[in-house]
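Peer 1: File name coords_26.txt; file contents compact mmCIF, C-alpha atoms; full text below.
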# COMPACT_ATOMS: atom_id res chain seq x y z
CA MET A 1 92.64 163.72 168.55
CA SER A 2 89.87 162.84 166.25
CA SER A 3 88.42 159.36 166.46
CA LEU A 4 87.23 157.14 163.62
CA ARG A 5 84.03 155.18 164.17
CA LEU A 6 82.44 152.66 161.80
CA ASP A 7 78.70 152.21 161.85
CA LEU A 8 78.60 148.50 160.98
CA THR A 9 75.04 147.88 162.08
CA SER A 10 73.35 149.92 159.41
CA LYS A 11 75.70 148.66 156.69
CA ILE A 12 75.64 144.90 157.21
CA TYR A 13 72.57 143.82 159.08
CA PRO A 14 69.18 144.24 157.43
CA GLU A 15 66.18 145.63 159.20
CA PRO A 16 64.11 143.05 161.09
CA ASP A 17 61.20 143.38 158.64
CA SER A 18 63.37 142.52 155.63
CA VAL A 19 64.74 139.39 157.31
CA PHE A 20 61.37 137.69 157.20
CA SER A 21 60.09 139.12 153.95
CA VAL A 22 60.08 136.75 150.97
CA ASN A 23 60.53 138.17 147.48
CA ASP A 24 59.62 135.44 144.95
CA HIS A 25 60.93 136.62 141.60
CA PHE A 26 58.80 134.06 139.76
CA ASP A 27 55.75 136.07 140.83
CA HIS A 28 56.97 138.87 138.58
CA LEU A 29 57.26 136.64 135.49
CA PRO A 30 54.30 136.50 133.09
CA ASP A 31 52.58 133.19 132.45
CA SER A 32 53.84 133.14 128.86
CA LEU A 33 57.46 133.19 130.04
CA LEU A 34 56.88 130.46 132.62
CA LEU A 35 55.28 128.30 129.95
CA LEU A 36 58.31 128.86 127.75
CA ILE A 37 60.51 127.57 130.60
CA PHE A 38 58.26 124.56 131.19
CA ASN A 39 58.31 123.73 127.48
CA LYS A 40 62.10 123.73 127.59
CA ILE A 41 61.98 121.28 130.51
CA GLY A 42 59.68 118.91 128.65
CA ASP A 43 60.31 115.81 130.80
CA VAL A 44 57.00 114.69 132.22
CA LYS A 45 58.41 113.63 135.60
CA ALA A 46 60.20 116.97 136.07
CA LEU A 47 56.98 118.78 135.14
CA GLY A 48 55.15 116.66 137.70
CA ARG A 49 57.53 117.92 140.38
CA CYS A 50 56.93 121.50 139.23
CA CYS A 51 53.20 120.99 139.79
CA VAL A 52 53.67 120.65 143.54
CA VAL A 53 55.71 123.85 143.90
CA SER A 54 52.76 126.23 143.85
CA ARG A 55 49.17 126.56 142.77
CA ARG A 56 50.25 128.78 139.90
CA PHE A 57 52.64 126.13 138.58
CA HIS A 58 49.95 123.50 139.06
CA CYS A 59 47.64 125.48 136.79
CA LEU A 60 50.29 126.24 134.14
CA VAL A 61 51.93 122.84 133.69
CA PRO A 62 48.86 121.23 132.02
CA GLN A 63 49.21 123.91 129.31
CA VAL A 64 52.70 122.74 128.27
CA GLU A 65 52.93 121.99 124.53
CA ASN A 66 56.20 120.01 124.32
CA VAL A 67 56.27 116.86 126.45
CA VAL A 68 58.79 114.02 126.70
CA VAL A 69 57.85 110.72 128.37
CA ARG A 70 60.78 108.46 129.22
CA VAL A 71 59.55 104.98 130.03
CA ASP A 72 62.09 103.84 132.60
CA CYS A 73 60.72 100.64 134.09
CA VAL A 74 60.22 97.11 132.83
CA ILE A 75 57.90 94.92 134.93
CA SER A 76 57.47 91.21 134.31
CA ASP A 77 53.98 89.91 133.69
CA ASP A 78 54.04 87.84 136.89
CA GLU A 79 54.77 90.92 139.00
CA SER A 80 52.37 93.21 137.19
CA SER A 81 49.49 90.70 137.20
CA SER A 82 49.75 90.14 140.94
CA SER A 83 49.88 93.87 141.64
CA SER A 84 46.99 94.47 139.25
CA SER A 85 44.76 91.93 140.97
CA SER A 86 45.53 93.38 144.39
CA SER A 87 44.91 96.96 143.34
CA GLY A 88 41.83 96.20 141.22
CA LYS A 89 42.72 98.97 138.78
CA SER A 90 42.65 98.59 135.02
CA ARG A 91 45.88 99.01 133.11
CA GLY A 92 46.46 101.75 130.59
CA PRO A 93 46.94 100.55 127.00
CA PHE A 94 50.60 101.46 127.09
CA PHE A 95 51.28 99.51 130.28
CA ASN A 96 51.49 96.23 128.35
CA ILE A 97 53.61 97.46 125.47
CA PHE A 98 56.26 94.77 125.85
CA ARG A 99 53.61 92.05 125.95
CA PHE A 100 52.15 93.33 122.68
CA VAL A 101 55.49 93.91 120.99
CA PHE A 102 57.21 90.69 122.00
CA GLY A 103 54.01 88.68 121.52
CA GLY A 104 53.75 90.10 118.02
CA ILE A 105 57.38 89.57 117.08
CA VAL A 106 58.66 86.42 118.73
CA LYS A 107 56.10 83.91 117.46
CA PRO A 108 56.21 84.96 113.77
CA LEU A 109 60.00 85.16 113.85
CA GLN A 110 60.35 81.76 115.48
CA ALA A 111 58.28 80.29 112.66
CA LEU A 112 60.22 82.35 110.15
CA GLY A 113 63.49 81.15 111.64
CA GLN A 114 62.41 77.53 111.25
CA PHE A 115 61.50 78.19 107.64
CA LEU A 116 64.62 80.14 106.74
CA GLY A 117 67.09 78.19 108.85
CA GLN A 118 69.04 79.05 111.97
CA THR A 119 70.24 82.63 112.29
CA ARG A 120 71.62 84.31 115.35
CA ALA A 121 69.30 87.23 114.87
CA SER A 122 66.22 85.07 115.26
CA SER A 123 67.66 83.00 118.10
CA SER A 124 68.57 86.06 120.13
CA LEU A 125 65.08 87.41 119.57
CA ALA A 126 63.51 84.13 120.64
CA SER A 127 65.51 84.24 123.87
CA SER A 128 63.59 87.39 124.76
CA SER A 129 60.27 85.59 124.69
CA SER A 130 59.38 86.38 128.30
CA THR A 131 56.76 89.11 128.21
CA SER A 132 57.02 92.29 130.21
CA SER A 133 55.27 95.60 130.76
CA LEU A 134 56.50 99.18 130.70
CA ALA A 135 55.69 101.94 133.14
CA VAL A 136 56.76 105.41 134.19
CA GLY A 137 57.72 105.75 137.84
CA THR A 138 55.88 108.51 139.72
CA GLN A 139 54.96 109.44 143.26
CA GLU A 140 51.20 109.25 142.90
CA ASP A 141 48.63 106.48 143.06
CA GLY A 142 49.11 103.78 140.47
CA GLU A 143 50.27 100.20 140.10
CA ILE A 144 52.83 99.14 142.69
CA ASP A 145 55.49 96.54 142.00
CA GLN A 146 57.03 94.18 144.54
CA SER A 147 59.61 96.78 145.60
CA GLY A 148 56.86 99.20 146.56
CA VAL A 149 57.56 101.64 143.71
CA THR A 150 54.51 103.23 142.11
CA HIS A 151 54.17 103.17 138.31
CA HIS A 152 51.86 104.70 135.74
CA SER A 153 51.34 104.01 132.08
CA PRO A 154 52.17 106.92 129.72
CA THR A 155 48.46 107.22 128.95
CA GLN A 156 47.73 107.88 132.62
CA VAL A 157 50.65 110.27 132.99
CA LEU A 158 49.51 112.39 130.04
CA LYS A 159 45.81 112.56 130.90
CA ASN A 160 46.08 115.95 132.65
CA PHE A 161 47.91 117.70 129.79
CA ASN A 162 45.47 119.69 127.68
CA GLU A 163 47.61 121.46 125.08
CA ILE A 164 50.24 118.96 123.92
CA ARG A 165 51.48 119.67 120.40
CA CYS A 166 54.79 117.82 120.28
CA LEU A 167 55.02 114.52 122.12
CA ARG A 168 58.07 112.28 122.32
CA ILE A 169 57.92 108.88 124.04
CA GLU A 170 61.16 107.02 124.66
CA LEU A 171 61.25 103.32 125.46
CA PRO A 172 64.13 102.00 127.60
CA SER A 173 65.48 99.82 124.77
CA GLY A 174 64.73 98.53 121.29
CA GLU A 175 62.45 95.51 120.90
CA LEU A 176 64.70 93.55 118.54
CA GLY A 177 67.46 91.42 120.02
CA ILE A 178 70.58 91.63 117.88
CA ASP A 179 74.14 90.41 118.34
CA ASP A 180 76.93 92.68 119.51
CA GLY A 181 78.52 94.49 116.61
CA VAL A 182 75.46 94.16 114.36
CA LEU A 183 73.83 97.37 113.15
CA LEU A 184 70.05 97.55 112.77
CA LYS A 185 68.12 100.83 112.60
CA TRP A 186 64.67 101.65 111.28
CA ARG A 187 62.42 104.64 110.86
CA ALA A 188 58.73 104.38 109.99
CA ASP A 189 56.08 107.00 109.21
CA PHE A 190 52.43 106.13 109.80
CA GLY A 191 49.04 107.65 109.18
CA SER A 192 46.16 105.24 109.57
CA THR A 193 48.55 102.67 108.10
CA LEU A 194 52.21 102.50 107.09
CA ASP A 195 53.29 105.41 104.86
CA ASN A 196 56.94 104.44 104.55
CA CYS A 197 59.74 102.65 106.37
CA VAL A 198 63.51 102.74 105.98
CA ILE A 199 65.78 100.05 107.41
CA LEU A 200 69.57 100.28 107.63
CA GLY A 201 71.53 97.21 108.65
CA ALA A 202 75.05 95.85 108.63
CA SER A 203 76.33 92.43 109.64
CA SER A 204 79.22 94.10 111.47
CA VAL A 205 80.61 97.55 112.17
CA ILE A 206 84.31 98.43 112.39
CA GLN A 207 85.02 101.64 114.24
CA PRO A 208 87.57 104.13 112.87
CA GLY A 209 91.12 103.08 113.75
CA SER A 210 90.07 99.60 114.78
CA ILE A 211 92.68 97.01 113.82
CA LYS A 212 90.88 93.86 114.82
CA SER A 213 87.90 93.17 112.59
CA SER A 214 84.65 92.64 114.43
CA THR A 215 83.12 90.61 111.62
CA GLN A 216 83.50 86.97 112.53
CA ASP A 217 80.04 86.99 111.08
CA ASN A 218 78.93 83.55 112.22
CA GLY A 219 79.38 82.49 108.62
CA ILE A 220 76.96 85.13 107.38
CA ASP A 221 78.38 87.63 104.89
CA GLY A 222 81.92 86.73 105.87
CA GLY A 223 82.60 85.25 102.45
CA LEU A 224 81.23 88.36 100.80
CA CYS A 225 83.85 90.58 102.32
CA ILE A 226 86.88 88.62 101.12
CA GLY A 227 88.69 90.37 98.33
CA ILE A 228 86.33 93.36 98.31
CA GLY A 229 88.33 96.46 99.02
CA GLY A 230 86.05 99.36 98.20
CA ALA A 231 82.45 100.41 97.93
CA GLY A 232 82.39 100.78 94.17
CA ASP A 233 84.52 97.96 92.77
CA ASP A 234 81.57 95.53 92.54
CA ASN A 235 79.41 98.00 90.59
CA GLY A 236 76.71 97.73 93.21
CA SER A 237 75.83 94.16 92.28
CA ILE A 238 74.98 91.54 94.88
CA PRO A 239 77.28 88.50 94.68
CA GLU A 240 75.66 85.12 94.01
CA SER A 241 76.90 83.88 97.38
CA PHE A 242 74.60 86.41 99.07
CA TYR A 243 71.63 84.21 98.17
CA THR A 244 73.20 80.95 99.35
CA ASN A 245 75.15 81.68 102.55
CA GLY A 246 72.35 83.19 104.66
CA GLY A 247 72.81 86.85 103.77
CA LEU A 248 69.41 87.23 102.13
CA LYS A 249 67.68 85.26 104.91
CA LEU A 250 69.12 87.57 107.53
CA ARG A 251 67.89 90.67 105.66
CA VAL A 252 64.40 89.16 105.44
CA VAL A 253 64.39 88.66 109.22
CA TRP A 254 65.56 92.25 109.75
CA THR A 255 62.86 93.62 107.46
CA ILE A 256 59.92 91.65 108.84
CA SER A 257 60.91 92.12 112.49
CA SER A 258 61.35 95.88 112.01
CA LEU A 259 57.95 96.18 110.32
CA ILE A 260 56.27 94.19 113.11
CA ALA A 261 57.93 96.32 115.79
CA ALA A 262 56.84 99.51 114.01
CA SER A 263 53.24 98.32 113.53
CA ALA A 264 53.02 97.22 117.19
CA ARG A 265 54.16 100.65 118.36
CA HIS A 266 51.64 102.32 116.05
CA TYR A 267 48.77 100.20 117.36
CA LEU A 268 49.49 101.23 120.96
CA LEU A 269 49.42 104.95 120.19
CA GLN A 270 45.68 104.99 119.38
CA PRO A 271 44.38 106.03 122.81
CA ILE A 272 46.97 108.78 123.21
CA ILE A 273 46.15 110.21 119.78
CA ALA A 274 42.42 110.03 120.51
CA ASP A 275 42.83 111.80 123.88
CA HIS A 276 45.02 114.63 122.62
CA LYS A 277 43.40 116.41 119.68
CA THR A 278 45.99 119.22 119.72
CA LEU A 279 48.91 116.97 118.72
CA ASP A 280 50.95 118.17 115.74
CA SER A 281 53.88 115.76 116.08
CA LEU A 282 54.33 112.39 117.74
CA VAL A 283 57.58 110.42 117.97
CA LEU A 284 57.97 107.01 119.61
CA THR A 285 61.61 106.00 119.90
CA ASP A 286 63.89 104.03 122.21
CA ALA A 287 67.03 104.78 124.22
CA ASP A 288 69.10 102.46 122.00
CA GLY A 289 68.23 104.45 118.90
CA GLN A 290 67.12 101.26 117.19
CA GLY A 291 63.72 102.33 115.90
CA VAL A 292 61.79 105.57 115.44
CA LEU A 293 58.09 105.89 114.63
CA CYS A 294 56.97 109.34 113.48
CA MET A 295 53.59 110.93 112.83
CA ASN A 296 53.04 114.51 111.67
CA LYS A 297 49.88 116.59 111.95
CA ASP A 298 48.29 115.31 108.73
CA GLN A 299 49.07 111.69 109.62
CA LEU A 300 47.61 112.11 113.11
CA GLU A 301 44.43 113.57 111.67
CA GLU A 302 44.24 110.75 109.13
CA LEU A 303 44.27 108.19 111.94
CA ARG A 304 41.48 110.02 113.77
CA VAL A 305 39.31 110.12 110.64
CA LYS A 306 40.18 106.69 109.27
CA PRO A 307 40.62 104.00 111.94
CA LEU A 308 43.53 101.63 111.50
CA SER A 309 43.16 98.04 110.38
CA ALA A 310 44.39 95.69 113.09
CA SER A 311 46.13 92.39 112.48
CA THR A 312 44.04 89.38 113.45
CA ALA A 313 47.12 87.52 114.71
CA SER A 314 48.36 90.04 117.28
CA LYS A 315 47.76 93.49 118.69
CA ARG A 316 49.41 95.56 115.98
CA THR A 317 48.46 97.52 112.90
CA LEU A 318 48.03 95.48 109.73
CA VAL A 319 50.97 95.97 107.37
CA PRO A 320 49.71 96.51 103.79
CA ALA A 321 51.14 94.95 100.64
CA LEU A 322 54.53 96.55 100.07
CA ASN A 323 57.00 97.53 97.39
CA MET A 324 60.59 97.47 98.59
CA ARG A 325 63.84 98.75 97.12
CA LEU A 326 67.08 97.32 98.41
CA TRP A 327 70.66 98.53 98.12
CA TYR A 328 73.62 96.45 99.26
CA ALA A 329 77.38 96.86 99.70
CA THR A 330 79.70 94.15 100.94
CA HIS A 331 82.11 96.78 102.28
CA LEU A 332 81.10 100.41 102.85
CA GLU A 333 83.67 102.82 104.25
CA LEU A 334 82.33 106.18 105.39
CA PRO A 335 84.28 109.45 105.24
CA ASN A 336 84.79 109.37 109.03
CA GLY A 337 86.51 105.98 108.80
CA LEU A 338 83.56 103.87 109.98
CA ILE A 339 83.28 100.62 108.01
CA LEU A 340 80.00 98.74 107.50
CA LYS A 341 80.29 95.10 106.43
CA GLY A 342 77.29 93.75 104.53
CA ALA A 343 75.64 97.20 104.55
CA THR A 344 71.99 97.07 103.50
CA LEU A 345 69.40 99.81 102.99
CA VAL A 346 65.74 98.94 102.44
CA ALA A 347 63.16 101.58 101.45
CA ILE A 348 59.55 100.42 101.87
CA ARG A 349 56.23 101.88 100.77
CA PRO A 350 52.73 100.49 100.26
CA SER A 351 52.10 99.01 96.83
CA GLU A 352 49.00 101.16 96.42
CA PRO A 353 49.70 104.58 97.94
CA SER A 354 46.87 107.09 98.07
CA ALA A 355 46.69 109.94 95.61
CA THR A 356 48.12 112.33 98.21
CA LYS A 357 51.28 110.26 98.70
CA LYS A 358 54.44 110.53 96.68
CA ASP A 359 55.28 108.06 93.96
CA VAL A 360 56.52 104.79 95.43
CA SER A 361 59.46 104.86 93.02
CA ASP A 362 60.72 108.13 94.53
CA CYS A 363 63.20 107.04 97.21
CA SER A 364 65.01 110.33 97.82
CA TRP A 365 63.48 110.39 101.32
CA ALA A 366 65.31 107.18 102.22
CA SER A 367 68.70 108.89 102.24
CA THR A 368 67.64 111.42 104.89
CA ALA A 369 65.91 109.07 107.33
CA PHE A 370 68.80 108.76 109.80
CA GLU A 371 71.19 110.98 111.71
CA GLU A 372 74.89 111.08 110.94
CA PRO A 373 77.00 109.11 110.30
CA TYR A 374 74.28 106.76 109.07
CA ARG A 375 72.71 109.43 106.87
CA THR A 376 75.93 109.46 104.86
CA ALA A 377 75.83 105.67 104.63
CA ALA A 378 72.28 105.81 103.27
CA LYS A 379 73.25 108.45 100.70
CA MET A 380 76.14 106.29 99.53
CA LEU A 381 73.98 103.18 99.28
CA VAL A 382 71.17 104.73 97.20
CA LYS A 383 73.73 105.54 94.48
CA ARG A 384 74.32 101.84 93.97
CA ARG A 385 72.32 99.33 91.99
CA THR A 386 68.69 99.03 93.08
CA TYR A 387 66.92 95.72 93.68
CA CYS A 388 63.11 95.63 93.76
CA LEU A 389 61.07 93.29 95.94
CA GLU A 390 57.44 92.85 96.89
CA MET A 391 55.80 91.66 100.08
CA ASN A 392 52.21 90.66 100.76
CA SER A 393 50.14 92.17 103.56
CA PHE A 394 50.58 90.59 106.99
Just give me the structure as structure tokens.
Peer 2:
Amino acid sequence: MSSLRLDLTSKIYPEPDSVFSVNDHFDHLPDSLLLLIFNKIGDVKALGRCCVVSRRFHCLVPQVENVVVRVDCVISDDESSSSSSSSGKSRGPFFNIFRFVFGGIVKPLQALGQFLGQTRASSSLASSSSTSSLAVGTQEDGEIDQSGVTHHSPTQVLKNFNEIRCLRIELPSGELGIDDGVLLKWRADFGSTLDNCVILGASSVIQPGSIKSSTQDNGIDGGLCIGIGGAGDDNGSIPESFYTNGGLKLRVVWTISSLIAASARHYLLQPIIADHKTLDSLVLTDADGQGVLCMNKDQLEELRVKPLSASTASKRTLVPALNMRLWYATHLELPNGLILKGATLVAIRPSEPSATKKDVSDCSWASTAFEEPYRTAAKMLVKRRTYCLEMNSF
């Protein structure tokens, strides 16, 4: 009788030498491919963790071209000042961004609110008058808050990156306090000063399929919506009541506060732009999607060659004299069913643009400033009647 024998040892169990051998497949990847992977990662904290994996990674990460910095911590001035005095270390210019932004916005808007009258937009902003600082949490030496967590300013975090071309910095929230249901978005492009700014606002937003109106507009714009059924039945004209019931005052607050927020952000970017000569694109946004500041390669170079003019009242870039074009709709229904009550679009450019800039009267760029569905809203608004305004430098 023949017997059947299975040799399991040679089939299943590896040789002793292969048990302890380590085959790191990353060692076979070229540097160019690893850099491509790191550029896809982008997040500065994740890249920081990659640095400690190996010496090779530690040498490659500083060469990453696309970097995203998510500012994830808000520290009150009381906490940060006590930790600063104990550590004896100077703060990076971005560490005090909330102090600069709120200090630049709250005081002018409180005065503006007294002049224009009481509005909920200004009162909610004034309630945020406590100053704070922003920081990125890391595991290295830096400022330590009361909970023992270490923080760095974005300027400190980026100092070891040598080849950044595209930089995106995201704040944890927008600077402007607005009521629930109110829409306020802005986008600004800067060189050494403001190139253009687009602001989209609505006193209330009704989501598709919503039965209960969210307007209850605190008396603002509510009267404008009565009897207005469509976007085109008023021929794009602004009703007389808009000037008397607080509608215009509210839009002025939106415009000035957005411009101050944008100019404060721009002012704080100076050291980062100076330190990183390779930058081609810089975006400073927030997690709420409220405001976006953009700078392309030419604008970045312009700032390096021509220093910005700072406001004497606060730490922000001086806003030049402006020409503004305004479009308004009491009721704007978008194709997806979203309804904007008191929809307003404001396109802003300096009164005296340089010879290299486009004509201030050309506002085609305003309709493409936002992502959908608000891009569609902007395109619908610019087809309506245009109102021209001017604003002095501030």
Peer 1: Fewer than 4 positions away in the same chain doesn't count, so skip those; otherwise give me all residues within 7 Å of Ala321 in chain A, counting all atoms listed in the file, as a ChimeraX atom specification.
Peer 2: /A:350-351,391-393
Peer 1: With C-alpha atoms retained, export the selected residues as a compact mmCIF listing (two decimals), keeping the file's coordinate frame.
Peer 2:
# COMPACT_ATOMS: atom_id res chain seq x y z
CA PRO A 350 52.73 100.49 100.26
CA SER A 351 52.10 99.01 96.83
CA MET A 391 55.80 91.66 100.08
CA ASN A 392 52.21 90.66 100.76
CA SER A 393 50.14 92.17 103.56
Peer 1: List as a PDB file with C-alpha atoms, in the coordinates of the input the protein and nucleic acid residues near range 49-53 of chain A, meaning an atom at most 12 Å away when only C-alpha atoms are counted, but skip any in the same chain fewer than 4 places from it.
Peer 2:
ATOM      1  CA  PHE A  26      58.800 134.060 139.760  1.00  0.00           C
ATOM      2  CA  LEU A  34      56.880 130.460 132.620  1.00  0.00           C
ATOM      3  CA  LEU A  35      55.280 128.300 129.950  1.00  0.00           C
ATOM      4  CA  ILE A  37      60.510 127.570 130.600  1.00  0.00           C
ATOM      5  CA  PHE A  38      58.260 124.560 131.190  1.00  0.00           C
ATOM      6  CA  ILE A  41      61.980 121.280 130.510  1.00  0.00           C
ATOM      7  CA  GLY A  42      59.680 118.910 128.650  1.00  0.00           C
ATOM      8  CA  ASP A  43      60.310 115.810 130.800  1.00  0.00           C
ATOM      9  CA  VAL A  44      57.000 114.690 132.220  1.00  0.00           C
ATOM     10  CA  LYS A  45      58.410 113.630 135.600  1.00  0.00           C
ATOM     11  CA  PHE A  57      52.640 126.130 138.580  1.00  0.00           C
ATOM     12  CA  HIS A  58      49.950 123.500 139.060  1.00  0.00           C
ATOM     13  CA  CYS A  59      47.640 125.480 136.790  1.00  0.00           C
ATOM     14  CA  LEU A  60      50.290 126.240 134.140  1.00  0.00           C
ATOM     15  CA  VAL A  61      51.930 122.840 133.690  1.00  0.00           C
ATOM     16  CA  PRO A  62      48.860 121.230 132.020  1.00  0.00           C
ATOM     17  CA  GLN A  63      49.210 123.910 129.310  1.00  0.00           C
ATOM     18  CA  VAL A  64      52.700 122.740 128.270  1.00  0.00           C
ATOM     19  CA  THR A 138      55.880 108.510 139.720  1.00  0.00           C
ATOM     20  CA  GLN A 139      54.960 109.440 143.260  1.00  0.00           C
ATOM     21  CA  GLU A 140      51.200 109.250 142.900  1.00  0.00           C
ATOM     22  CA  ASN A 160      46.080 115.950 132.650  1.00  0.00           C
ATOM     23  CA  PHE A 161      47.910 117.700 129.790  1.00  0.00           C
TER      24      PHE A 161
END
Peer 1: If we draw a sphere of 6 Å around (49.0, 110.2, 118.5), which residues have at least one atom in it when counting all atoms listed in the file? Please report them as a PyMOL selection string.
Peer 2: chain A and resi 269+272-273+282+300
Peer 1: Name the residues within 7 Å of (47.9, 95.1, 108.6), counting only C-alpha atoms in the file's coordinates, and put them as a count of residues only.
Peer 2: 9
Peer 1: Using all atoms listed in the file, which residues sit within 6 Å of range 169-181 of chain A once same-chain residues fewer than 3 positions away are excluded, as a ChimeraX atom specification?
Peer 2: /A:68-72,121,124-125,204-205,284-288,290
Peer 1: Rounded to one decimal in Å, what is the spacing between CA of Ala264 in chain A and CA of Phe190 in chain A?
Peer 2: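 It comes out at 11.6 Å.
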Peer 1: With distances taken over only C-alpha atoms, which of A:Ile339, A:Ala202, A:Leu184, A:Ala274 is nearest to Gly247 in chain A?
Peer 2: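 Looking only at the distances to Gly247 in chain A, the closest residue turns out to be A:Ala202.
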Peer 1: Restricting the calculation to all atoms listed in the file, which member of A:Pro271, A:Thr368, A:Ser192, A:Ala46 is positioned closest to Gln156 in chain A?
Peer 2: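 With all atoms listed in the file as the atom set, the closest residue is A:Pro271.
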Peer 1: Of the candidates A:Leu345, A:Met324, A:Leu47, A:Glu301, which one gets nearest to Gln270 in chain A if we count all atoms listed in the file?
Peer 2: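 Closest residue, counting all atoms listed in the file: A:Glu301.
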Peer 1: Of the residues A:Leu279, A:Leu36, A:Leu340, A:Leu183, which is the one nearest to Ile206 in chain A, using all atoms listed in the file?
Peer 2: A:Leu340
